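Q: Once you've had a glance at the structure underneath, I'll fire off some questions.
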Amino acid sequence: MNLYLKYLSIQFRSQLQYRASFWLLTLGQFFIPFSVFAGLYLLFDRFGQLQSWSFFEVALIFGVIHMAFSVSECFARGFDAFSSLIVRGDFDRLLVRPRSMALQVLGSQFEFTRFGRMLQSAVVLAWAIANLPIDWSFAKAVTLLLMIACGVLIFTGIYMLFATMCFWTVQGLEVANVFTDGGREMAQYPLNIYGRWVKMFFTFVIPFGCVNYLPMLYILGRTSGPSIGYMAMPLAGALFMLPCLLIWRIGVRHYRSVGS
Amino acid sequence: MSSPSGALAEDDADLLDAGSSVLPRRIPHDRACAAVRHKNAELWWDVPVIDSYELLRDIYKVPDAVYRANLSMLTETLQLQQLLHTPVRQLSLGQRMRCEIAASLLHGPRILFLDEPTIGLDAVSKLAVRQFIRTLNEEKGVTVILTTHDMSDIEALAERILLIGKGTLLYDGSLTRLRGRFGTRRTITAEYSPSHRPLDIPGAQTVSWSPERAILSVDTSQTPIAELLASLSAQVELADVAIEPMPVDEVIAGLYRELRL
């Protein structure tokens, strides 16, 4: 953990070397999801509500998933951009060091310009929370944090899966974006508006529904039955991470150098 | 050629087979070896060199006292004082190479792989790097495995040469012995007053010829030098003659030719 922070600090100083570029990118990252969110707002302004979901409820779901996405893009960027590490042959260098591979890959790259995106998501979250008549309790606050944290784990898990593919394909796979960007776009709306197969997929295969939609029902007080089940739901995200880690380790063991 | 420090699987290991008397089959992971290569750098591009060094210290868990001792030794011998607080991207190639080499040695590895360490360096850096490698080997007992195409590196540094071509080991031994195989060959450069008649020296091969200058290659066990000079001066009016042993490049090229590679 200590080493992770040191990686963080050196990368942060590196990116700040190009100050103007850094701030412009951060600003840009603020506005990308902003335009998506503006679209959402206009849609609700015109049609009132989406199945029985009000604007602020959807905004809360939107905020959570975007927050998870931007945090994972910032801090797990090393896995997201892993193919460059393989192509340049830098991965070989990491292999001879007495540290865990996952830690070193995480530390190899951070994308601090995603702060803009985080800020935007935080604003949306705060706005939604301020306008929703939620009966807040300690348990609900914890659930909300757990949702974001486990959402980060799911995105990171997907990055890891596709990073592992690079051991065989060398080049990165754009198809990963179907699951990360695609998953984010799907999960920014309540899951129950989709068809059965979509629901199943995003609950049992890539459990975005578990970190977002289901516990959200509990926070909004729309559940019937024991709330503890809904509260614990985000942990499915942590569970998703386990096979990803395992596959990653198998990949590392099978790795051969690309040569130089 | 790729440096023999990448991750090779067992059946890729022609190179390791060739060098198996040099390297243990599996190099122990922790702190044992380090590699300096051109393409992938150990240093972080945008921050001062010293920041990278401190991060490397943490990665390799180098104890503080060891780190400080190594750093001051490296700073002194590689003359890094001026460079430590400069961002890497502002260094020249030679300066960066010196910093890279130091970065690889902070954790005190016992084996150092160097892949073309002097390629593209200015004369001063080249000599400094060479001098340093020699000191490292002699004083610290570090085994240095050098992959290079620069024959002057070999002449200056190598005790043992492993010549590899098409995945097989062609030669394993000292440079002197290698020279010995071609040791009776001499290269003769002759300058003379303009003459338009091509030289015809029995027992010598003409490497190049111009009306004022010719380079010949001769095997002195077949054709004694005196005989050669006699026939030379009979054909042209000699101005200057230089007789040299074969350069290392040609020794190597000769070896490749001999083995038809």
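Naming works like this for the structure tokens: A, B, ... for the chains as they're shown, residue 1 at the start of each chain, ligands 1 onward in shown order.
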Give me the chain A side of the contact with chain B, cut-off 7 Å, one line per residue showing its nearest atom pair and distance in Å at one decimal, counting only C-alpha atoms, sorted by chain and residue number, as JSON lines.
A:
```
{"residue": "A:Leu3", "atom": "CA", "partner": "B:Asp58", "partner_atom": "CA", "distance": 6.7}
{"residue": "A:Lys6", "atom": "CA", "partner": "B:Leu55", "partner_atom": "CA", "distance": 6.8}
{"residue": "A:Arg13", "atom": "CA", "partner": "B:Val47", "partner_atom": "CA", "distance": 7.0}
{"residue": "A:Ser14", "atom": "CA", "partner": "B:Asp46", "partner_atom": "CA", "distance": 5.0}
{"residue": "A:Gln17", "atom": "CA", "partner": "B:Asp46", "partner_atom": "CA", "distance": 6.8}
{"residue": "A:Arg88", "atom": "CA", "partner": "B:Asn40", "partner_atom": "CA", "distance": 6.8}
{"residue": "A:Gly89", "atom": "CA", "partner": "B:Asn40", "partner_atom": "CA", "distance": 6.8}
{"residue": "A:Asp90", "atom": "CA", "partner": "B:Asn40", "partner_atom": "CA", "distance": 5.8}
{"residue": "A:Asp92", "atom": "CA", "partner": "B:Gly6", "partner_atom": "CA", "distance": 5.7}
{"residue": "A:Val96", "atom": "CA", "partner": "B:His29", "partner_atom": "CA", "distance": 6.0}
{"residue": "A:Arg97", "atom": "CA", "partner": "B:Tyr60", "partner_atom": "CA", "distance": 6.8}
{"residue": "A:Pro98", "atom": "CA", "partner": "B:Asp30", "partner_atom": "CA", "distance": 5.4}
{"residue": "A:Arg99", "atom": "CA", "partner": "B:Ile59", "partner_atom": "CA", "distance": 6.9}
{"residue": "A:Arg256", "atom": "CA", "partner": "B:Ala7", "partner_atom": "CA", "distance": 5.7}
{"residue": "A:Ser257", "atom": "CA", "partner": "B:Ala7", "partner_atom": "CA", "distance": 5.0}
{"residue": "A:Gly259", "atom": "CA", "partner": "B:Ser2", "partner_atom": "CA", "distance": 6.1}
{"residue": "A:Ser260", "atom": "CA", "partner": "B:Ser2", "partner_atom": "CA", "distance": 5.4}
```
Q: Just write the chosen residues, C-alpha atoms, as a PDB file, in the first residue's frame.
A:
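Dumped to result-v4.pdb:
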```pdb
ATOM      1  CA  LEU A   3       4.477   1.545  -2.433  1.00  0.00           C
ATOM      2  CA  LYS A   6       4.644   6.290  -3.843  1.00  0.00           C
ATOM      3  CA  ARG A  13       4.193  14.817 -10.311  1.00  0.00           C
ATOM      4  CA  SER A  14       4.866  13.530 -13.824  1.00  0.00           C
ATOM      5  CA  GLN A  17       4.799  18.631 -15.524  1.00  0.00           C
ATOM      6  CA  ARG A  88       7.020  -1.946 -25.288  1.00  0.00           C
ATOM      7  CA  GLY A  89       8.454  -4.957 -23.488  1.00  0.00           C
ATOM      8  CA  ASP A  90       8.325  -3.142 -20.145  1.00  0.00           C
ATOM      9  CA  ASP A  92       9.610  -8.109 -18.627  1.00  0.00           C
ATOM     10  CA  VAL A  96      12.290  -9.520 -12.353  1.00  0.00           C
ATOM     11  CA  ARG A  97      11.286  -7.280  -9.463  1.00  0.00           C
ATOM     12  CA  PRO A  98      10.467  -8.697  -6.068  1.00  0.00           C
ATOM     13  CA  ARG A  99       6.953  -7.224  -5.937  1.00  0.00           C
ATOM     14  CA  ARG A 256       6.386 -15.116 -22.910  1.00  0.00           C
ATOM     15  CA  SER A 257       8.364 -12.112 -23.949  1.00  0.00           C
ATOM     16  CA  GLY A 259      11.174  -9.972 -27.916  1.00  0.00           C
ATOM     17  CA  SER A 260      12.736  -6.683 -28.849  1.00  0.00           C
TER      18      SER A 260
END
```
Q: Which residues are close to range 239-249 of chain B, i.e. within 6 Å by only C-alpha atoms, leaving aside same-chain residues fewer than 6 positions away? Reply as an mmCIF file with all heavy atoms, in the first residue's frame.
A:
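And here's around_2.cif as it stands now:
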```cif
data_model
loop_
_atom_site.group_PDB
_atom_site.id
_atom_site.type_symbol
_atom_site.label_atom_id
_atom_site.label_comp_id
_atom_site.auth_asym_id
_atom_site.auth_seq_id
_atom_site.Cartn_x
_atom_site.Cartn_y
_atom_site.Cartn_z
ATOM 1 N N ARG B 186 47.155 -10.501 -42.080
ATOM 2 C CA ARG B 186 47.473 -9.088 -41.894
ATOM 3 C C ARG B 186 46.780 -8.278 -42.974
ATOM 4 O O ARG B 186 46.610 -8.763 -44.103
ATOM 5 C CB ARG B 186 48.990 -8.845 -41.998
ATOM 6 C CG ARG B 186 49.814 -9.478 -40.888
ATOM 7 C CD ARG B 186 49.605 -8.759 -39.559
ATOM 8 N NE ARG B 186 50.425 -9.348 -38.501
ATOM 9 C CZ ARG B 186 50.053 -10.383 -37.763
ATOM 10 N NH1 ARG B 186 48.883 -10.954 -37.964
ATOM 11 N NH2 ARG B 186 50.835 -10.862 -36.829
ATOM 12 N N THR B 187 46.446 -7.074 -42.593
ATOM 13 C CA THR B 187 45.892 -6.168 -43.586
ATOM 14 C C THR B 187 46.981 -5.166 -43.946
ATOM 15 O O THR B 187 47.595 -4.584 -43.046
ATOM 16 C CB THR B 187 44.673 -5.429 -43.012
ATOM 17 O OG1 THR B 187 43.744 -6.415 -42.599
ATOM 18 C CG2 THR B 187 44.023 -4.529 -44.035
ATOM 19 N N ILE B 188 47.216 -5.002 -45.204
ATOM 20 C CA ILE B 188 48.295 -4.111 -45.627
ATOM 21 C C ILE B 188 47.721 -2.975 -46.459
ATOM 22 O O ILE B 188 47.008 -3.198 -47.437
ATOM 23 C CB ILE B 188 49.347 -4.886 -46.449
ATOM 24 C CG1 ILE B 188 50.082 -5.820 -45.492
ATOM 25 C CG2 ILE B 188 50.333 -3.941 -47.124
ATOM 26 C CD1 ILE B 188 50.555 -7.070 -46.102
ATOM 27 N N THR B 189 47.985 -1.745 -45.998
ATOM 28 C CA THR B 189 47.531 -0.577 -46.738
ATOM 29 C C THR B 189 48.757 0.065 -47.383
ATOM 30 O O THR B 189 49.689 0.451 -46.679
ATOM 31 C CB THR B 189 46.853 0.424 -45.793
ATOM 32 O OG1 THR B 189 45.906 -0.293 -45.003
ATOM 33 C CG2 THR B 189 46.152 1.523 -46.556
ATOM 34 N N ALA B 190 48.741 0.126 -48.672
ATOM 35 C CA ALA B 190 49.896 0.689 -49.377
ATOM 36 C C ALA B 190 49.500 1.945 -50.139
ATOM 37 O O ALA B 190 48.449 1.977 -50.782
ATOM 38 C CB ALA B 190 50.453 -0.354 -50.351
ATOM 39 N N GLU B 191 50.347 2.984 -49.990
ATOM 40 C CA GLU B 191 50.129 4.195 -50.792
ATOM 41 C C GLU B 191 51.320 4.362 -51.715
ATOM 42 O O GLU B 191 52.453 4.080 -51.317
ATOM 43 C CB GLU B 191 49.967 5.404 -49.877
ATOM 44 C CG GLU B 191 48.602 5.409 -49.207
ATOM 45 C CD GLU B 191 48.430 6.510 -48.192
ATOM 46 O OE1 GLU B 191 49.147 7.520 -48.311
ATOM 47 O OE2 GLU B 191 47.612 6.326 -47.293
ATOM 48 N N TYR B 192 51.056 4.804 -52.904
ATOM 49 C CA TYR B 192 52.131 4.861 -53.900
ATOM 50 C C TYR B 192 51.855 5.969 -54.906
ATOM 51 O O TYR B 192 50.730 6.480 -54.986
ATOM 52 C CB TYR B 192 52.261 3.517 -54.613
ATOM 53 C CG TYR B 192 50.941 2.857 -54.907
ATOM 54 C CD1 TYR B 192 50.183 3.239 -56.015
ATOM 55 C CD2 TYR B 192 50.426 1.861 -54.053
ATOM 56 C CE1 TYR B 192 48.965 2.650 -56.263
ATOM 57 C CE2 TYR B 192 49.203 1.270 -54.301
ATOM 58 C CZ TYR B 192 48.475 1.670 -55.415
ATOM 59 O OH TYR B 192 47.256 1.102 -55.669
#
```
Q: Quick one: everything within 12 Å of Ala38 in chain A, counting only C-alpha atoms, minus sequence neighbours fewer than 6 positions away in the same chain. Send it as a list of chain:residue names.
A: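 In the requested form, the answer reads A:Phe31, A:Ile32, A:Phe44, A:Asp45, A:Phe55, A:Ala59, A:Phe62, A:Gln120, A:Val124.
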Q: Next, write the just-selected residues to a file, as a JSON list (two decimals), in the first residue's frame, keeping N, CA, C and O atoms as the atom set.
A:
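Done, and the output landed in result09.json:
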```json
[["chain", "number", "residue", "atom", "x", "y", "z"],
["A", 31, "PHE", "N", -16.67, 17.69, -18.73],
["A", 31, "PHE", "CA", -17.80, 17.98, -19.61],
["A", 31, "PHE", "C", -18.32, 16.78, -20.39],
["A", 31, "PHE", "O", -19.44, 16.79, -20.86],
["A", 32, "ILE", "N", -17.49, 15.72, -20.54],
["A", 32, "ILE", "CA", -17.98, 14.57, -21.30],
["A", 32, "ILE", "C", -19.24, 13.96, -20.66],
["A", 32, "ILE", "O", -20.29, 13.93, -21.29],
["A", 44, "PHE", "N", -36.00, 13.84, -19.31],
["A", 44, "PHE", "CA", -36.97, 13.82, -18.22],
["A", 44, "PHE", "C", -37.83, 15.07, -18.22],
["A", 44, "PHE", "O", -39.00, 15.05, -17.86],
["A", 45, "ASP", "N", -37.20, 16.18, -18.62],
["A", 45, "ASP", "CA", -37.94, 17.44, -18.68],
["A", 45, "ASP", "C", -39.11, 17.31, -19.64],
["A", 45, "ASP", "O", -40.19, 17.84, -19.44],
["A", 55, "PHE", "N", -36.70, 11.71, -12.08],
["A", 55, "PHE", "CA", -35.42, 12.21, -12.56],
["A", 55, "PHE", "C", -34.32, 12.06, -11.52],
["A", 55, "PHE", "O", -33.22, 11.58, -11.82],
["A", 59, "ALA", "N", -30.85, 10.07, -11.53],
["A", 59, "ALA", "CA", -29.61, 10.84, -11.37],
["A", 59, "ALA", "C", -28.72, 10.20, -10.31],
["A", 59, "ALA", "O", -27.49, 10.17, -10.45],
["A", 62, "PHE", "N", -27.15, 7.23, -11.89],
["A", 62, "PHE", "CA", -26.17, 7.76, -12.84],
["A", 62, "PHE", "C", -24.89, 8.19, -12.11],
["A", 62, "PHE", "O", -23.78, 7.85, -12.51],
["A", 120, "GLN", "N", -17.59, 15.82, -11.61],
["A", 120, "GLN", "CA", -18.91, 15.92, -12.24],
["A", 120, "GLN", "C", -19.87, 14.90, -11.61],
["A", 120, "GLN", "O", -21.00, 15.23, -11.28],
["A", 124, "VAL", "N", -23.40, 15.57, -9.49],
["A", 124, "VAL", "CA", -24.69, 14.92, -9.80],
["A", 124, "VAL", "C", -25.22, 14.18, -8.58],
["A", 124, "VAL", "O", -26.40, 14.29, -8.21]]
```
Q: List as number ranges by chain the protein and nucleic acid residues near Leu74 in chain B, meaning an atom at most 8 Å away when only C-alpha atoms are counted, but skip any in the same chain fewer than 5 places from it.
A: B: 79-80, 102
Q: Once you have the residues from the selection above, write them out as a PDB file, in the first residue's frame, restricted to C-alpha atoms.
A:
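Resulting contents of out-v9.pdb:
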```
ATOM      1  CA  GLN B  79      29.608  11.534 -12.401  1.00  0.00           C
ATOM      2  CA  LEU B  80      25.931  12.064 -11.782  1.00  0.00           C
ATOM      3  CA  ALA B 102      23.038   3.588 -11.961  1.00  0.00           C
TER       4      ALA B 102
END
```
Q: Could you tell me which of A:Leu153, A:Leu125, A:Ile158, A:Met216 comes closest to His66 in chain A if we count only C-alpha atoms?
A: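 With only C-alpha atoms as the atom set, the closest residue is A:Leu125.
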Q: Return the single residue from B:Thr77, B:Thr148, B:Ser104, B:Gln90 that is closest to Arg93 in chain A, with distances computed using only C-alpha atoms.
A: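 Smallest distance to Arg93 in chain A is found for B:Ser104.
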Q: Give me the residues within 12 Å of Leu5 in chain A as a JSON list (two decimals) with N, CA and C atoms, in the first residue's frame, counting only C-alpha atoms and dropping any in the same chain fewer than 2 places off.
A:
```
[["chain", "number", "residue", "atom", "x", "y", "z"],
["A", 1, "MET", "N", 0.84, -1.21, 0.00],
["A", 1, "MET", "CA", 0.00, 0.00, 0.00],
["A", 1, "MET", "C", 0.86, 1.25, 0.00],
["A", 2, "ASN", "N", 1.90, 1.17, 0.83],
["A", 2, "ASN", "CA", 2.85, 2.26, 0.90],
["A", 2, "ASN", "C", 3.47, 2.52, -0.47],
["A", 3, "LEU", "N", 3.85, 1.43, -1.12],
["A", 3, "LEU", "CA", 4.48, 1.55, -2.43],
["A", 3, "LEU", "C", 3.48, 2.10, -3.45],
["A", 7, "TYR", "N", 4.00, 5.23, -5.94],
["A", 7, "TYR", "CA", 3.74, 5.23, -7.38],
["A", 7, "TYR", "C", 2.81, 6.39, -7.73],
["A", 8, "LEU", "N", 1.76, 6.52, -6.91],
["A", 8, "LEU", "CA", 0.76, 7.55, -7.13],
["A", 8, "LEU", "C", 1.42, 8.92, -7.17],
["A", 9, "SER", "N", 2.31, 9.14, -6.22],
["A", 9, "SER", "CA", 2.91, 10.45, -6.10],
["A", 9, "SER", "C", 3.84, 10.76, -7.28],
["A", 10, "ILE", "N", 4.62, 9.77, -7.70],
["A", 10, "ILE", "CA", 5.56, 10.05, -8.80],
["A", 10, "ILE", "C", 4.79, 10.27, -10.10],
["A", 11, "GLN", "N", 3.71, 9.53, -10.29],
["A", 11, "GLN", "CA", 2.92, 9.70, -11.51],
["A", 11, "GLN", "C", 2.20, 11.03, -11.51],
["A", 12, "PHE", "N", 1.76, 11.44, -10.32],
["A", 12, "PHE", "CA", 1.05, 12.71, -10.21],
["A", 12, "PHE", "C", 1.99, 13.86, -10.56],
["A", 75, "PHE", "N", -7.47, 5.15, -11.16],
["A", 75, "PHE", "CA", -6.55, 4.40, -10.31],
["A", 75, "PHE", "C", -6.23, 2.99, -10.83],
["A", 103, "LEU", "N", 0.27, -5.16, -8.33],
["A", 103, "LEU", "CA", 0.61, -3.86, -7.73],
["A", 103, "LEU", "C", 1.45, -3.03, -8.71],
["A", 104, "GLN", "N", 2.43, -3.68, -9.33],
["A", 104, "GLN", "CA", 3.30, -2.93, -10.24],
["A", 104, "GLN", "C", 2.55, -2.45, -11.48],
["A", 106, "LEU", "N", -0.70, -1.80, -11.60],
["A", 106, "LEU", "CA", -1.53, -0.68, -11.12],
["A", 106, "LEU", "C", -0.70, 0.59, -11.06],
["A", 107, "GLY", "N", 0.52, 0.46, -10.54],
["A", 107, "GLY", "CA", 1.36, 1.63, -10.35],
["A", 107, "GLY", "C", 1.97, 2.16, -11.64],
["A", 108, "SER", "N", 1.87, 1.38, -12.72],
["A", 108, "SER", "CA", 2.54, 1.79, -13.94],
["A", 108, "SER", "C", 1.88, 3.00, -14.58],
["A", 110, "PHE", "N", -1.43, 6.07, -14.00],
["A", 110, "PHE", "CA", -2.65, 6.64, -13.42],
["A", 110, "PHE", "C", -3.14, 7.72, -14.36],
["B", 55, "LEU", "N", 12.01, 5.78, -5.75],
["B", 55, "LEU", "CA", 10.94, 4.81, -5.96],
["B", 55, "LEU", "C", 11.51, 3.40, -6.17],
["B", 58, "ASP", "N", 12.32, 1.79, -3.02],
["B", 58, "ASP", "CA", 11.16, 1.22, -2.35],
["B", 58, "ASP", "C", 10.69, -0.06, -3.02],
["B", 59, "ILE", "N", 10.76, -0.08, -4.35],
["B", 59, "ILE", "CA", 10.31, -1.28, -5.06],
["B", 59, "ILE", "C", 11.19, -2.48, -4.68]]
```
Q: So what do you get for CA of Leu121 in chain B versus CA of Arg98 in chain B, distance-wise?
A: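 Here the two named atoms are 10.1 Å from each other.
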Q: What lies within 12 Å of Glu73 in chain A using only C-alpha atoms, ignoring chain neighbours under 6 positions off, as a PyMOL selection string?
A: chain A and resi 29+66-67+79-81+106+109-118+151-159+180-181
Q: Write a file of the selected residues as a PDB file, in the first residue's frame, keeping N, CA and C atoms.
A:
```pdb
ATOM      1  N   GLN A  29     -12.720  16.214 -19.284  1.00  0.00           N
ATOM      2  CA  GLN A  29     -13.299  15.052 -18.617  1.00  0.00           C
ATOM      3  C   GLN A  29     -14.513  15.437 -17.777  1.00  0.00           C
ATOM      4  N   HIS A  66     -21.137   6.462 -12.615  1.00  0.00           N
ATOM      5  CA  HIS A  66     -20.097   7.296 -13.217  1.00  0.00           C
ATOM      6  C   HIS A  66     -18.951   7.544 -12.254  1.00  0.00           C
ATOM      7  N   MET A  67     -19.289   7.666 -10.990  1.00  0.00           N
ATOM      8  CA  MET A  67     -18.247   7.828  -9.982  1.00  0.00           C
ATOM      9  C   MET A  67     -17.351   6.588  -9.954  1.00  0.00           C
ATOM     10  N   PHE A  79      -4.092  -1.300 -15.712  1.00  0.00           N
ATOM     11  CA  PHE A  79      -4.666  -2.481 -16.344  1.00  0.00           C
ATOM     12  C   PHE A  79      -5.397  -2.112 -17.629  1.00  0.00           C
ATOM     13  N   ASP A  80      -6.041  -0.940 -17.609  1.00  0.00           N
ATOM     14  CA  ASP A  80      -6.794  -0.500 -18.774  1.00  0.00           C
ATOM     15  C   ASP A  80      -5.846  -0.289 -19.955  1.00  0.00           C
ATOM     16  N   ALA A  81      -4.662   0.235 -19.661  1.00  0.00           N
ATOM     17  CA  ALA A  81      -3.704   0.527 -20.733  1.00  0.00           C
ATOM     18  C   ALA A  81      -2.587  -0.505 -20.750  1.00  0.00           C
ATOM     19  N   LEU A 106      -0.703  -1.796 -11.600  1.00  0.00           N
ATOM     20  CA  LEU A 106      -1.531  -0.685 -11.124  1.00  0.00           C
ATOM     21  C   LEU A 106      -0.698   0.587 -11.056  1.00  0.00           C
ATOM     22  N   GLN A 109       0.625   3.214 -14.311  1.00  0.00           N
ATOM     23  CA  GLN A 109      -0.061   4.341 -14.920  1.00  0.00           C
ATOM     24  C   GLN A 109      -1.278   4.778 -14.115  1.00  0.00           C
ATOM     25  N   PHE A 110      -1.433   6.074 -14.000  1.00  0.00           N
ATOM     26  CA  PHE A 110      -2.650   6.643 -13.417  1.00  0.00           C
ATOM     27  C   PHE A 110      -3.137   7.724 -14.359  1.00  0.00           C
ATOM     28  N   GLU A 111      -4.430   7.973 -14.330  1.00  0.00           N
ATOM     29  CA  GLU A 111      -4.960   9.001 -15.222  1.00  0.00           C
ATOM     30  C   GLU A 111      -5.666  10.043 -14.359  1.00  0.00           C
ATOM     31  N   PHE A 112      -4.868  11.017 -13.899  1.00  0.00           N
ATOM     32  CA  PHE A 112      -5.416  11.964 -12.928  1.00  0.00           C
ATOM     33  C   PHE A 112      -6.386  12.957 -13.537  1.00  0.00           C
ATOM     34  N   THR A 113      -6.385  13.029 -14.870  1.00  0.00           N
ATOM     35  CA  THR A 113      -7.333  13.961 -15.484  1.00  0.00           C
ATOM     36  C   THR A 113      -8.770  13.493 -15.251  1.00  0.00           C
ATOM     37  N   ARG A 114      -8.929  12.242 -14.808  1.00  0.00           N
ATOM     38  CA  ARG A 114     -10.271  11.741 -14.504  1.00  0.00           C
ATOM     39  C   ARG A 114     -10.875  12.411 -13.279  1.00  0.00           C
ATOM     40  N   PHE A 115     -10.073  13.215 -12.605  1.00  0.00           N
ATOM     41  CA  PHE A 115     -10.613  14.011 -11.492  1.00  0.00           C
ATOM     42  C   PHE A 115     -11.800  14.848 -11.960  1.00  0.00           C
ATOM     43  N   GLY A 116     -11.707  15.342 -13.197  1.00  0.00           N
ATOM     44  CA  GLY A 116     -12.796  16.137 -13.750  1.00  0.00           C
ATOM     45  C   GLY A 116     -14.085  15.340 -13.772  1.00  0.00           C
ATOM     46  N   ARG A 117     -13.945  14.108 -14.188  1.00  0.00           N
ATOM     47  CA  ARG A 117     -15.102  13.222 -14.277  1.00  0.00           C
ATOM     48  C   ARG A 117     -15.660  12.908 -12.885  1.00  0.00           C
ATOM     49  N   MET A 118     -14.729  12.680 -11.956  1.00  0.00           N
ATOM     50  CA  MET A 118     -15.159  12.393 -10.577  1.00  0.00           C
ATOM     51  C   MET A 118     -15.941  13.563 -10.010  1.00  0.00           C
ATOM     52  N   GLY A 151     -18.406  -1.018  -7.320  1.00  0.00           N
ATOM     53  CA  GLY A 151     -18.478  -0.678  -8.740  1.00  0.00           C
ATOM     54  C   GLY A 151     -17.082  -0.534  -9.313  1.00  0.00           C
ATOM     55  N   VAL A 152     -16.205   0.137  -8.561  1.00  0.00           N
ATOM     56  CA  VAL A 152     -14.804   0.287  -8.980  1.00  0.00           C
ATOM     57  C   VAL A 152     -14.183  -1.086  -9.195  1.00  0.00           C
ATOM     58  N   LEU A 153     -14.472  -2.013  -8.278  1.00  0.00           N
ATOM     59  CA  LEU A 153     -13.898  -3.360  -8.393  1.00  0.00           C
ATOM     60  C   LEU A 153     -14.360  -4.060  -9.673  1.00  0.00           C
ATOM     61  N   ILE A 154     -15.635  -3.869 -10.021  1.00  0.00           N
ATOM     62  CA  ILE A 154     -16.126  -4.529 -11.241  1.00  0.00           C
ATOM     63  C   ILE A 154     -15.402  -3.992 -12.469  1.00  0.00           C
ATOM     64  N   PHE A 155     -15.322  -2.662 -12.567  1.00  0.00           N
ATOM     65  CA  PHE A 155     -14.619  -2.083 -13.723  1.00  0.00           C
ATOM     66  C   PHE A 155     -13.172  -2.573 -13.751  1.00  0.00           C
ATOM     67  N   THR A 156     -12.525  -2.553 -12.589  1.00  0.00           N
ATOM     68  CA  THR A 156     -11.129  -2.999 -12.527  1.00  0.00           C
ATOM     69  C   THR A 156     -11.012  -4.457 -12.955  1.00  0.00           C
ATOM     70  N   GLY A 157     -11.968  -5.261 -12.515  1.00  0.00           N
ATOM     71  CA  GLY A 157     -11.972  -6.671 -12.894  1.00  0.00           C
ATOM     72  C   GLY A 157     -12.046  -6.849 -14.402  1.00  0.00           C
ATOM     73  N   ILE A 158     -12.901  -6.036 -15.040  1.00  0.00           N
ATOM     74  CA  ILE A 158     -13.015  -6.131 -16.505  1.00  0.00           C
ATOM     75  C   ILE A 158     -11.693  -5.725 -17.155  1.00  0.00           C
ATOM     76  N   TYR A 159     -11.082  -4.653 -16.650  1.00  0.00           N
ATOM     77  CA  TYR A 159      -9.775  -4.239 -17.200  1.00  0.00           C
ATOM     78  C   TYR A 159      -8.777  -5.381 -17.077  1.00  0.00           C
ATOM     79  N   THR A 180     -17.000  -2.150 -20.519  1.00  0.00           N
ATOM     80  CA  THR A 180     -16.778  -1.038 -19.591  1.00  0.00           C
ATOM     81  C   THR A 180     -17.674   0.138 -19.942  1.00  0.00           C
ATOM     82  N   ASP A 181     -17.462   0.719 -21.136  1.00  0.00           N
ATOM     83  CA  ASP A 181     -18.293   1.854 -21.541  1.00  0.00           C
ATOM     84  C   ASP A 181     -19.749   1.422 -21.689  1.00  0.00           C
TER      85      ASP A 181
END
```
Q: Considering only C-alpha atoms, return as a PyMOL selection string whatever protein or nucleic-acid residues lie within 10 Å of Phe208 in chain A, sequence-local ones (same chain, fewer than 5 positions apart) excluded.
A: chain A and resi 65+147+150-151+154-155+183-184+186-188+191+199+201-203+213-214+234+236-237
Q: Apply DSSP to the backbone of this structure and, from range 14-239 of chain B, keep only the residues in helix (DSSP H, G or I); write these as a ChimeraX atom specification.
A: /B:14-18,49-59,64-77,88-90,93-105,123-140,151-157,175-181,225-235
Q: Go ahead and compute the interatomic distance for CA of Phe37 in chain A and CA of Thr223 in chain A, in Å to one decimal.
A: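 Calculated distance between CA of Phe37 in chain A and CA of Thr223 in chain A is 26.5 Å.
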Q: When you count only C-alpha atoms, which of these residues is closest to Thr184 in chain B: B:Ser208, B:Arg213, B:Gln222, B:Met151?
A: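 The answer is B:Gln222, which sits nearest to Thr184 in chain B.
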Q: Please, what distance in Å, to one decimal, runs between CA of Asp135 in chain A and CA of Leu217 in chain A?
A: 12.7 Å
